[in-house]
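A short worksheet on the structure shown next.
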Amino acid sequence: LSIRRQRQMCIRDRLSNGEILKIQMNRFRSALDEAISNKAKRIVFIHGVGNGTLKLELRNELRRSYPEYTYQDASFKEYGFGATLVHLR
């Protein structure tokens, strides 16, 4: 295993699922706000398939805090399952 992967595994061993989700959601907000301020047309968030928790939280946050933007499943051909495309214009 690479050092980076070992570090990621150690961090996951010490953090609860809720703490990991909080970090992921903070990163989501930061990336979305940056894309908005840079006047991007769209941004894709890859949340993976898993049990759907991150996808659900991400989309709930979009509905709650960013209702002016639309979103959809991202292209399966480009991203496979587990990605959300947010339209910023």
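Scheme for the structure tokens: letters A, B, ... for chains in order shown; per-chain residue numbers from 1; ligand numbers from 1 in order shown.
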
> as a list in words, which residues of chain A does DSSP assign to strand (DSSP E)?
Replying inline: Arg42, Ile43, Val44, Phe45, Ile46, Thr70, Tyr71, Gln72, Asp73, Ala83, Thr84, Leu85, Val86 and His87 of chain A

Taking the chain letters and numbering used in this document, name the residues of chain A that DSSP puts in helix (DSSP H, G or I), as an MDAnalysis selection string. chainID A and resid 3:14 17:37 53:65 76:79

*asked:* Which residues are near Ser75 of chain A? Cut-off 12 Å, only C-alpha atoms, ignore same chain within fewer than 3 positions. Put them as a VMD selection string.
replied: chain A and resid 44 to 46 71 to 72 78 to 86

Expressed in Å, the length from atom CA of Ala31 of chain A to atom CA of Leu54 of chain A is 15.1 Å

Counting only C-alpha atoms, closest pick from A:His47, A:Ser65, A:Thr53, A:Ser16 relative to Arg29 of chain A is A:Ser65

Considering only C-alpha atoms, return as a PyMOL selection string whatever protein or nucleic-acid residues lie within 10 Å of Arg42 of chain A, sequence-local ones (same chain, fewer than 3 positions apart) excluded.
chain A and resi 32+35-36+39+69-71+85-89

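Using only C-alpha atoms, the nearest neighbour of Arg59 of chain A within the list A:Ile3, A:Asp73, A:Asn17, A:Asp33 is A:Asp73.
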
Can you tell me, as a PyMOL selection string, what residues are no more than 10 Å from Glu57 of chain A when counting only C-alpha atoms, ignoring any on the same chain fewer than 6 positions away?
chain A and resi 21-22+24-25+63

Saved selection, atoms kept: N, CA, C and O atoms, as a CSV table (one decimal), in the first residue's frame:
chain,number,residue,atom,x,y,z
A,21,LEU,N,-18.5,11.9,7.1
A,21,LEU,CA,-19.5,12.5,6.2
A,21,LEU,C,-19.4,14.1,6.4
A,21,LEU,O,-19.6,14.8,5.4
A,22,LYS,N,-19.2,14.5,7.6
A,22,LYS,CA,-19.1,16.0,7.8
A,22,LYS,C,-17.9,16.5,7.0
A,22,LYS,O,-18.0,17.6,6.4
A,24,GLN,N,-16.6,15.3,4.3
A,24,GLN,CA,-17.0,15.2,2.9
A,24,GLN,C,-17.9,16.3,2.5
A,24,GLN,O,-17.8,16.9,1.4
A,25,MET,N,-18.9,16.6,3.3
A,25,MET,CA,-19.9,17.7,3.0
A,25,MET,C,-19.2,19.0,3.1
A,25,MET,O,-19.5,19.9,2.3
A,63,ARG,N,-30.8,21.0,-2.4
A,63,ARG,CA,-32.2,21.5,-2.3
A,63,ARG,C,-32.3,22.6,-1.2
A,63,ARG,O,-33.0,23.5,-1.4

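With only C-alpha atoms as the atoms that count, the minimum distance from Arg27 of chain A to the choices A:Leu58, A:Leu15, A:Val49, A:Ala74 is reached by A:Leu58.
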